[in-house]
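Below is run10.cif, which holds mmCIF, C-alpha atoms.
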data_protein
#
loop_
_atom_site.label_atom_id
_atom_site.label_comp_id
_atom_site.auth_asym_id
_atom_site.auth_seq_id
_atom_site.Cartn_x
_atom_site.Cartn_y
_atom_site.Cartn_z
CA MET A 1 12.18 2.74 30.09
CA VAL A 2 11.00 2.63 33.68
CA ASN A 3 7.34 1.84 33.17
CA ARG A 4 7.83 -0.77 30.54
CA LYS A 5 4.71 -2.89 30.16
CA ILE A 6 4.18 -6.33 28.68
CA ALA A 7 4.07 -6.36 24.89
CA TRP A 8 1.10 -8.59 24.12
CA VAL A 9 0.86 -8.30 20.37
CA ALA A 10 3.53 -7.79 17.69
CA TRP A 11 3.50 -4.46 15.88
CA ASN A 12 3.20 -6.26 12.57
CA THR A 13 -0.10 -7.74 13.66
CA ILE A 14 -1.41 -4.48 15.07
CA CYS A 15 -0.56 -2.59 11.91
CA THR A 16 -2.23 -4.89 9.42
CA SER A 17 -5.64 -3.73 8.32
CA LYS A 18 -8.84 -4.82 10.00
CA GLU A 19 -9.97 -6.72 6.93
CA VAL A 20 -7.14 -9.18 7.39
CA GLY A 21 -7.35 -9.44 11.14
CA GLY A 22 -5.19 -6.61 12.39
CA LEU A 23 -6.10 -3.56 14.42
CA GLY A 24 -5.65 -1.17 11.51
CA VAL A 25 -3.14 1.09 13.24
CA LYS A 26 -1.16 2.97 10.61
CA ARG A 27 2.51 2.33 10.08
CA LEU A 28 3.85 5.86 10.10
CA ASN A 29 6.71 5.17 7.72
CA GLU A 30 4.57 3.67 4.97
CA PHE A 31 1.75 6.13 5.55
CA ASN A 32 4.18 9.01 5.28
CA ILE A 33 5.50 7.64 1.99
CA ALA A 34 1.95 7.30 0.67
CA LEU A 35 1.24 10.93 1.62
CA LEU A 36 4.47 12.22 0.12
CA ALA A 37 3.96 10.23 -3.06
CA ASN A 38 0.60 11.93 -3.38
CA TRP A 39 2.63 15.10 -4.08
CA CYS A 40 4.60 13.27 -6.77
CA TRP A 41 1.32 12.34 -8.38
CA ARG A 42 -0.08 15.84 -8.04
CA CYS A 43 3.06 17.28 -9.63
CA LEU A 44 2.07 15.28 -12.69
CA VAL A 45 -1.63 15.97 -12.84
CA VAL A 46 -2.31 19.41 -11.28
CA ARG A 47 0.09 21.50 -13.29
CA ASP A 48 -1.92 24.69 -13.48
CA SER A 49 -2.02 25.22 -9.74
CA LEU A 50 -0.14 28.01 -8.01
CA TRP A 51 1.91 25.70 -5.80
CA PHE A 52 3.15 23.83 -8.84
CA LYS A 53 4.18 27.08 -10.53
CA VAL A 54 6.13 28.01 -7.41
CA LEU A 55 7.95 24.68 -7.42
CA SER A 56 8.52 24.93 -11.13
CA SER A 57 10.15 28.36 -10.92
CA ARG A 58 12.21 27.37 -7.92
CA TYR A 59 13.54 24.04 -9.19
CA GLY A 60 13.01 24.20 -12.96
CA GLU A 61 11.56 21.57 -15.27
CA GLU A 62 13.21 18.85 -17.25
CA ARG A 63 11.40 16.35 -19.46
CA GLY A 64 8.09 16.99 -17.80
CA TRP A 65 9.32 16.58 -14.24
CA LEU A 66 10.76 19.07 -11.79
CA ARG A 67 14.49 19.11 -11.16
CA GLU A 68 15.75 17.70 -7.92
CA GLY A 69 17.40 20.91 -6.79
CA GLY A 70 20.34 19.28 -5.06
CA ARG A 71 21.32 20.85 -1.76
CA MET A 72 19.10 23.89 -2.23
CA GLY A 73 16.02 21.66 -2.13
CA SER A 74 13.91 21.74 1.00
CA ALA A 75 13.77 18.62 3.17
CA TRP A 76 10.20 18.07 1.98
CA TRP A 77 11.18 18.36 -1.66
CA ARG A 78 14.18 16.04 -1.28
CA GLU A 79 11.92 13.33 0.15
CA ILE A 80 9.56 13.70 -2.79
CA VAL A 81 12.41 13.47 -5.26
CA LYS A 82 13.63 10.32 -3.53
CA ILE A 83 10.25 8.67 -3.97
CA HIS A 84 9.96 9.77 -7.56
CA GLU A 85 13.36 8.39 -8.41
CA GLY A 86 12.93 5.32 -6.24
CA ILE A 87 16.15 5.92 -4.32
CA GLY A 88 16.49 4.84 -0.71
CA VAL A 89 12.81 4.03 -0.39
CA LYS A 90 11.35 0.68 0.51
CA GLY A 91 9.93 -1.05 -2.55
CA GLY A 92 12.44 0.63 -4.89
CA ASN A 93 11.06 2.27 -7.97
CA TRP A 94 7.42 1.57 -7.25
CA PHE A 95 6.20 5.06 -8.07
CA GLU A 96 7.64 5.24 -11.57
CA GLU A 97 6.45 1.72 -12.23
CA SER A 98 2.91 2.66 -11.27
CA ILE A 99 2.40 5.56 -13.66
CA SER A 100 1.80 5.59 -17.37
CA LYS A 101 0.31 7.90 -19.98
CA ARG A 102 -2.86 7.34 -21.91
CA ILE A 103 -1.97 8.90 -25.18
CA GLY A 104 -4.18 11.46 -26.90
CA ASN A 105 -2.47 13.83 -29.33
CA GLY A 106 0.93 12.97 -27.88
CA PHE A 107 2.12 16.51 -27.31
CA ASN A 108 2.25 16.24 -23.58
CA THR A 109 4.19 12.98 -23.38
CA TYR A 110 7.92 12.45 -23.76
CA PHE A 111 8.63 9.79 -26.31
CA TRP A 112 11.61 8.22 -24.54
CA SER A 113 11.28 9.02 -20.88
CA ASP A 114 7.55 8.65 -20.20
CA CYS A 115 5.90 5.28 -20.02
CA TRP A 116 3.17 5.25 -22.66
CA VAL A 117 3.42 1.88 -24.46
CA GLY A 118 3.53 -1.26 -22.37
CA THR A 119 4.87 -1.11 -18.85
CA THR A 120 8.31 0.48 -19.23
CA THR A 121 9.70 3.58 -20.87
CA PHE A 122 11.33 3.30 -24.27
CA MET A 123 14.43 4.75 -22.68
CA GLU A 124 14.74 1.67 -20.48
CA ARG A 125 13.57 -0.84 -23.00
CA PHE A 126 15.64 0.39 -25.95
CA ARG A 127 18.59 1.87 -24.10
CA ARG A 128 20.95 1.71 -27.07
CA LEU A 129 18.54 3.48 -29.42
CA PHE A 130 17.93 6.17 -26.82
CA ASP A 131 21.64 6.76 -26.31
CA LEU A 132 22.15 7.24 -30.02
CA SER A 133 19.05 9.33 -30.70
CA ILE A 134 19.37 13.05 -31.46
CA HIS A 135 15.75 13.48 -30.39
CA GLN A 136 15.97 12.47 -26.75
CA GLU A 137 13.79 15.34 -25.59
CA LEU A 138 10.98 15.15 -28.11
CA THR A 139 7.35 14.39 -27.35
CA VAL A 140 5.36 11.56 -28.86
CA GLY A 141 3.48 14.08 -30.97
CA ALA A 142 6.69 15.65 -32.28
CA MET A 143 8.21 12.27 -33.08
CA HIS A 144 5.03 11.30 -34.90
CA ALA A 145 5.12 14.51 -36.90
CA LEU A 146 8.71 13.78 -37.94
CA GLY A 147 7.59 10.33 -39.01
CA TRP A 148 8.42 7.14 -37.15
CA GLY A 149 7.87 4.74 -40.06
CA GLU A 150 10.74 3.19 -41.94
CA ASN A 151 13.34 5.86 -42.79
CA GLY A 152 11.25 8.37 -40.88
CA GLU A 153 12.89 11.58 -39.70
CA ALA A 154 12.23 10.66 -36.10
CA TRP A 155 15.07 8.20 -36.34
CA GLY A 156 17.99 10.57 -36.37
CA TRP A 157 21.16 9.14 -34.84
CA ARG A 158 24.33 10.61 -33.44
CA ARG A 159 26.46 8.19 -35.41
CA ARG A 160 25.67 5.98 -38.31
CA PHE A 161 23.34 3.36 -36.99
CA LEU A 162 24.14 -0.24 -37.87
CA ALA A 163 21.02 -2.30 -37.25
CA MET B 1 14.69 -1.30 -34.11
CA VAL B 2 12.19 -3.66 -35.70
CA GLU B 3 10.64 -4.17 -32.28
CA ILE B 4 10.11 -0.49 -31.55
CA MET B 5 8.67 0.13 -35.00
CA ASN B 6 6.28 -2.75 -34.54
CA LEU B 7 5.07 -1.27 -31.28
CA LEU B 8 4.64 2.14 -32.87
CA SER B 9 2.72 0.80 -35.83
CA LYS B 10 -0.10 -0.05 -33.46
CA VAL B 11 -0.28 3.48 -32.06
CA THR B 12 -2.91 5.94 -33.22
CA LEU B 13 -2.92 9.52 -32.00
CA HIS B 14 -6.10 11.51 -31.41
CA ASP B 15 -5.68 15.12 -32.33
CA SER B 16 -8.27 16.66 -30.09
CA VAL B 17 -7.52 14.59 -26.97
CA GLU B 18 -4.97 15.53 -24.32
CA ASP B 19 -2.53 12.96 -22.94
CA VAL B 20 -3.43 12.03 -19.38
CA TRP B 21 -1.49 10.36 -16.59
CA MET B 22 -2.84 7.10 -15.31
CA TRP B 23 -2.24 5.47 -11.96
CA ARG B 24 -1.79 1.91 -13.07
CA PRO B 25 -2.58 0.08 -9.82
CA ASN B 26 -6.02 1.70 -9.86
CA THR B 27 -6.97 3.28 -13.17
CA GLY B 28 -10.51 3.97 -11.95
CA ASP B 29 -9.88 6.10 -8.89
CA GLY B 30 -6.37 7.25 -9.74
CA TYR B 31 -3.96 7.91 -6.92
CA THR B 32 -5.40 7.55 -3.44
CA VAL B 33 -3.30 7.66 -0.28
CA ARG B 34 -5.38 4.82 1.12
CA GLY B 35 -4.81 2.59 -1.89
CA VAL B 36 -1.10 3.29 -2.01
CA TYR B 37 -0.70 2.70 1.71
CA GLN B 38 -2.32 -0.70 1.25
CA MET B 39 -0.08 -1.39 -1.70
CA LEU B 40 3.01 -0.58 0.35
CA MET B 41 1.78 -2.77 3.20
CA ARG B 42 0.77 -5.67 1.01
CA GLN B 43 4.01 -7.58 1.44
CA GLU B 44 3.32 -7.80 5.14
CA MET B 45 -0.25 -9.00 5.12
CA HIS B 46 -1.25 -12.04 7.09
CA ASP B 47 -3.18 -15.01 5.84
CA HIS B 48 -6.87 -15.08 6.38
CA ASP B 49 -7.73 -15.74 9.98
CA ILE B 50 -10.69 -15.80 12.29
CA VAL B 51 -10.29 -12.26 13.54
CA SER B 52 -10.74 -10.85 10.05
CA GLU B 53 -14.39 -11.89 10.22
CA ALA B 54 -14.90 -9.84 13.31
CA PRO B 55 -17.42 -7.11 12.65
CA TRP B 56 -16.02 -3.68 13.40
CA HIS B 57 -19.22 -1.90 14.22
CA LYS B 58 -19.27 1.79 14.85
CA SER B 59 -21.80 1.11 17.58
CA VAL B 60 -19.38 -1.11 19.50
CA PRO B 61 -17.02 1.00 21.62
CA LEU B 62 -13.44 0.66 20.48
CA LYS B 63 -12.15 -0.54 23.85
CA LEU B 64 -14.64 -3.44 23.77
CA PHE B 65 -13.58 -4.38 20.31
CA ILE B 66 -9.91 -4.32 21.16
CA CYS B 67 -10.70 -6.45 24.17
CA ALA B 68 -12.44 -9.01 21.93
CA TRP B 69 -9.63 -8.80 19.39
CA ARG B 70 -7.12 -9.68 22.07
CA LEU B 71 -9.37 -12.48 23.26
CA PHE B 72 -9.42 -14.15 19.83
CA ARG B 73 -5.68 -13.81 19.58
CA ASN B 74 -5.24 -15.27 23.07
CA ARG B 75 -3.61 -12.09 24.28
CA TRP B 76 -5.37 -11.66 27.58
CA PRO B 77 -3.25 -11.64 30.72
CA THR B 78 -4.59 -15.03 31.75
CA LYS B 79 -2.43 -16.86 34.22
CA ASP B 80 -1.01 -19.34 31.72
CA ASN B 81 0.07 -16.43 29.55
CA LEU B 82 1.61 -14.67 32.52
CA VAL B 83 3.52 -17.82 33.46
CA ARG B 84 4.82 -18.16 29.91
CA ARG B 85 6.16 -14.63 30.09
CA GLY B 86 7.73 -15.22 33.45
CA ILE B 87 5.55 -12.69 35.26
CA ILE B 88 4.13 -15.06 37.85
CA ASN B 89 5.17 -18.44 39.23
CA MET B 90 4.40 -21.83 37.70
CA ASP B 91 2.52 -22.93 40.79
CA ASP B 92 0.35 -19.84 40.81
CA GLN B 93 -1.77 -20.50 37.73
CA LEU B 94 -5.04 -21.67 39.22
CA CYS B 95 -8.20 -20.00 37.93
CA VAL B 96 -9.31 -16.84 39.78
CA SER B 97 -12.76 -18.32 40.30
CA GLY B 98 -11.30 -20.84 42.73
CA CYS B 99 -12.61 -23.78 40.71
CA GLY B 100 -9.29 -25.51 41.09
CA GLN B 101 -8.24 -25.80 37.46
CA ASN B 102 -5.54 -23.97 35.52
CA GLU B 103 -6.50 -20.61 34.05
CA THR B 104 -6.29 -20.52 30.26
CA ILE B 105 -8.37 -18.43 27.87
CA ASP B 106 -10.59 -21.37 26.90
CA HIS B 107 -11.02 -22.38 30.50
CA LEU B 108 -11.85 -18.90 31.67
CA ILE B 109 -14.37 -18.16 28.95
CA ILE B 110 -15.93 -21.58 28.36
CA HIS B 111 -15.03 -24.47 30.62
CA CYS B 112 -14.85 -22.80 34.01
CA PRO B 113 -17.87 -23.96 36.05
CA ILE B 114 -18.30 -20.46 37.45
CA PHE B 115 -17.82 -18.19 34.41
CA GLY B 116 -18.63 -20.69 31.65
CA ASN B 117 -22.22 -20.92 32.78
CA LEU B 118 -22.79 -17.35 31.70
CA TRP B 119 -23.04 -18.53 28.10
CA GLN B 120 -26.10 -20.62 28.85
CA LEU B 121 -27.76 -17.54 30.29
CA VAL B 122 -26.72 -15.37 27.34
CA LYS B 123 -27.98 -17.95 24.88
CA SER B 124 -31.36 -18.37 26.50
CA TRP B 125 -31.62 -14.60 26.78
CA ILE B 126 -31.17 -14.02 23.04
CA GLY B 127 -32.86 -17.29 22.10
CA VAL B 128 -30.01 -19.17 20.45
CA TYR B 129 -29.65 -22.91 21.05
CA SER B 130 -26.54 -24.76 20.04
CA VAL B 131 -24.04 -27.35 21.13
CA ASP B 132 -21.49 -26.25 23.65
CA PRO B 133 -18.38 -24.93 21.97
CA TYR B 134 -14.98 -26.25 22.90
CA GLN B 135 -12.84 -23.21 22.15
CA VAL B 136 -13.31 -19.48 22.27
CA THR B 137 -13.08 -19.22 18.50
CA ASP B 138 -15.76 -21.93 18.05
CA ASN B 139 -18.01 -19.90 20.25
CA PHE B 140 -17.40 -16.84 18.13
CA TYR B 141 -18.21 -18.77 14.95
CA GLN B 142 -21.43 -20.05 16.44
CA PHE B 143 -22.56 -16.58 17.32
CA VAL B 144 -21.56 -14.97 14.04
CA HIS B 145 -23.10 -17.69 11.89
CA SER B 146 -26.19 -18.60 13.85
CA ILE B 147 -27.66 -15.16 14.33
CA PRO B 148 -29.97 -14.50 11.39
#
Would you give me this structure, written as C-alpha cells?
Amino acid sequence: MVNRKIAWVAWNTICTSKEVGGLGVKRLNEFNIALLANWCWRCLVVRDSLWFKVLSSRYGEERGWLREGGRMGSAWWREIVKIHEGIGVKGGNWFEESISKRIGNGFNTYFWSDCWVGTTTFMERFRRLFDLSIHQELTVGAMHALGWGENGEAWGWRRRFLA
Amino acid sequence: MVEIMNLLSKVTLHDSVEDVWMWRPNTGDGYTVRGVYQMLMRQEMHDHDIVSEAPWHKSVPLKLFICAWRLFRNRWPTKDNLVRRGIINMDDQLCVSGCGQNETIDHLIIHCPIFGNLWQLVKSWIGVYSVDPYQVTDNFYQFVHSIP
C-alpha cells in the first residue's frame, strides 16, 4: 500500500465493545456469523413462514431440521448448515449447545436428537442405546405413548440388549 | 439404561402445551444478534480499564470522543510516540510549545507550563477545585468523579 499510515491502536482493542473500553467497531467475521446463525434459529422457531416452506421443499426435512443439500445448496445455505453443525466455524458447536426444548406435550421434539433434558441430547449422552434403538426417529410424545417405564415399548432394540 | 430411566421418571408432559425452542444463553429474550455477537466476542474481551468508564454521550461528537479515547490510551502522535515508532529523530522530541522539555502525553496535557495552565482556567470556569493531577488518567478520574 502506498499511503500506508501509522497503526495507532490494535484491531483487537478497537473491536471490543465500548463497555469494556474499546471503540465498539464490529468484527465482520463474528458479526456475520451472528447474523447467519439468526437464520438457524429462525428455521427452528418460525416454521409457518413462506420462506421456511420454500427451504423445506427445496432441501427436505430430517428430524426437525432441514437437510444440508450438498452441492446443490446455495452459498448462503451452506454457511448456515456449517453453523448449525458446528463445522469449520470458530467456537465449534456453539449453536447446537445453545439450544434446548422446553417440553410441553412432546410431539414436536425428537426424543434422541433434540436437547430437552439437561444440556446434551440423549443421542450424544447414551450413544450405545441410540445405536441399538429401533425408534431413532420418534418424538418425545410418541416415546411416552409407547411407554418408557421398565419394560416399556419405547425400549425396542435391534438386537437383544444386555444391560 | 438405569440412568436414562431415572431422568425420564422426572419428566411430566403437558397435553395442551406445545414444545418450544429455548435459546439457553438468554432464555428471556431468546436469540438476538447483539447477544450472540457479544457471546462470540467474549473470549477476546479485555480486563476492566479506565476507558470503559468513559461516557459515550450522543451529544458528544464522535470525532471528539475518539480523540479522547486515543488520549486515554496514549495513542496521540506525541513526539515520544513518534520517536518510538521511528518516525522522527531522537533529538527532535522537544515539546511544540517551546518550553524546552520532552513532549509526552502527560507533559503536553498537564505539566507543560504553556498548555497545562489551561486546566486551571477550565476548573475555575466550571467551579471545580481539586489538587493538581499527575497523569492524564488522574485528571479524567477527577472530572468524572467530582462533578455532581
Please evaluate the PyMOL selection byres ((chain A) within 6 of (chain B)) against the structure above and give the resulting residues as JSON, numbers by chain.
{"A": [8, 19, 20, 21, 31, 34, 35, 98, 99, 100, 101, 102, 103, 104, 105, 108]}
Between CA of Leu138 in chain A and CA of Tyr110 in chain A, what is the distance, to one decimal in Å?
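Result for CA of Leu138 in chain A versus CA of Tyr110 in chain A: 6.0 Å, one decimal.
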Could you tell me how far CA of Lys5 in chain A sits from CA of Leu108 in chain B, in Å to one decimal place?
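Separation of CA of Leu108 in chain B and CA of Lys5 in chain A: 23.1 Å.
Note that CA of Phe140 in chain B and CA of Ala7 in chain A are 24.8 Å apart.
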Contact residues around Pro113 in chain B with all atoms listed in the file at 10 Å, ignoring same-chain residues under 5 positions, as a ChimeraX atom specification
/B:97-99,101,107-108,118
My list of candidates is A:Asn3, A:Ser17, A:Ser133, A:Asn38. Which is closest to Trp155 in chain A when distances are computed with all atoms listed in the file?
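Answer, going by the shortest atom-to-atom distance: A:Ser133.
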For the PyMOL selection byres ((chain A and resi 43) around 10), applied here, can you spell out every residue it catches as a list in words?
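On the file shown, the PyMOL selection byres ((chain A and resi 43) around 10) covers Ala37, Asn38, Trp39, Cys40, Trp41, Arg42, Leu44, Val45, Val46, Arg47, Asp48, Ser49, Trp51, Phe52, Lys53, Leu55, Ser56, Gly64, Trp65 and Leu66 of chain A.
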Excluding Asp92 in chain B and residues on its chain fewer than 3 positions from it, collect all residues at most 8 Å away from it, counting only C-alpha atoms, and give them as a PyMOL selection string.
chain B and resi 79+88-89
Answer key for the PyMOL selection byres ((chain A and resi 131) around 12), residues as a list in words
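Expected selection for the PyMOL selection byres ((chain A and resi 131) around 12) here is Trp112, Ser113, Phe122, Met123, Glu124, Arg125, Phe126, Arg127, Arg128, Leu129, Phe130, Leu132, Ser133, Ile134, His135, Gln136, Glu137, Gly156, Trp157, Arg158, Arg159 and Phe161 of chain A.
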Save out the residues we just selected, C-alpha atoms, as a PDB file, in the frame of the given file.
ATOM      1  CA  TRP A 112      11.610   8.220 -24.540  1.00  0.00           C
ATOM      2  CA  SER A 113      11.280   9.020 -20.880  1.00  0.00           C
ATOM      3  CA  PHE A 122      11.330   3.300 -24.270  1.00  0.00           C
ATOM      4  CA  MET A 123      14.430   4.750 -22.680  1.00  0.00           C
ATOM      5  CA  GLU A 124      14.740   1.670 -20.480  1.00  0.00           C
ATOM      6  CA  ARG A 125      13.570  -0.840 -23.000  1.00  0.00           C
ATOM      7  CA  PHE A 126      15.640   0.390 -25.950  1.00  0.00           C
ATOM      8  CA  ARG A 127      18.590   1.870 -24.100  1.00  0.00           C
ATOM      9  CA  ARG A 128      20.950   1.710 -27.070  1.00  0.00           C
ATOM     10  CA  LEU A 129      18.540   3.480 -29.420  1.00  0.00           C
ATOM     11  CA  PHE A 130      17.930   6.170 -26.820  1.00  0.00           C
ATOM     12  CA  LEU A 132      22.150   7.240 -30.020  1.00  0.00           C
ATOM     13  CA  SER A 133      19.050   9.330 -30.700  1.00  0.00           C
ATOM     14  CA  ILE A 134      19.370  13.050 -31.460  1.00  0.00           C
ATOM     15  CA  HIS A 135      15.750  13.480 -30.390  1.00  0.00           C
ATOM     16  CA  GLN A 136      15.970  12.470 -26.750  1.00  0.00           C
ATOM     17  CA  GLU A 137      13.790  15.340 -25.590  1.00  0.00           C
ATOM     18  CA  GLY A 156      17.990  10.570 -36.370  1.00  0.00           C
ATOM     19  CA  TRP A 157      21.160   9.140 -34.840  1.00  0.00           C
ATOM     20  CA  ARG A 158      24.330  10.610 -33.440  1.00  0.00           C
ATOM     21  CA  ARG A 159      26.460   8.190 -35.410  1.00  0.00           C
ATOM     22  CA  PHE A 161      23.340   3.360 -36.990  1.00  0.00           C
TER      23      PHE A 161
END
Test item: residues at most 10 Å from Gln120 in chain B, all atoms listed in the file, excluding those fewer than 4 positions along its chain, as a list in words:
Gly116, Ser124, Trp125, Val128, Tyr129, Ser130 and Asp132 of chain B
Given all atoms listed in the file as the counted atoms, nearest of A:Leu50, A:Met72, A:Leu23, A:Glu153 to Cys67 in chain B:
A:Leu23
Proximity to Gly69 in chain A - best of A:Thr119, A:Ser57, A:Phe111, A:Trp11, all atoms listed in the file:
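Result for the nearest residue to Gly69 in chain A: A:Ser57.
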Please identify all polymer residues within 9 Å of Trp94 in chain A, counting all atoms listed in the file, omitting same-chain residues fewer than 4 positions from it, and present them as a ChimeraX atom specification.
/A:83-84,86,90,98
Now that the selection is made, can you save its residues with C-alpha atoms as a tab-separated table (two decimals), in the frame of the given file?
chain	number	residue	atom	x	y	z
A	83	ILE	CA	10.25	8.67	-3.97
A	84	HIS	CA	9.96	9.77	-7.56
A	86	GLY	CA	12.93	5.32	-6.24
A	90	LYS	CA	11.35	0.68	0.51
A	98	SER	CA	2.91	2.66	-11.27
Name the residues, using the chain letters and numbers of the file, that sit within 9 Å of (-11.6, -19.7, 19.3) when counting only C-alpha atoms, and give them as an MDAnalysis selection string.
chainID B and resid 50 71:74 106 133:141
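Nearest residue to Ala75 in chain A, choosing from A:Leu36, A:Trp148, A:Glu62, A:Ile87 and counting all atoms listed in the file: A:Leu36.
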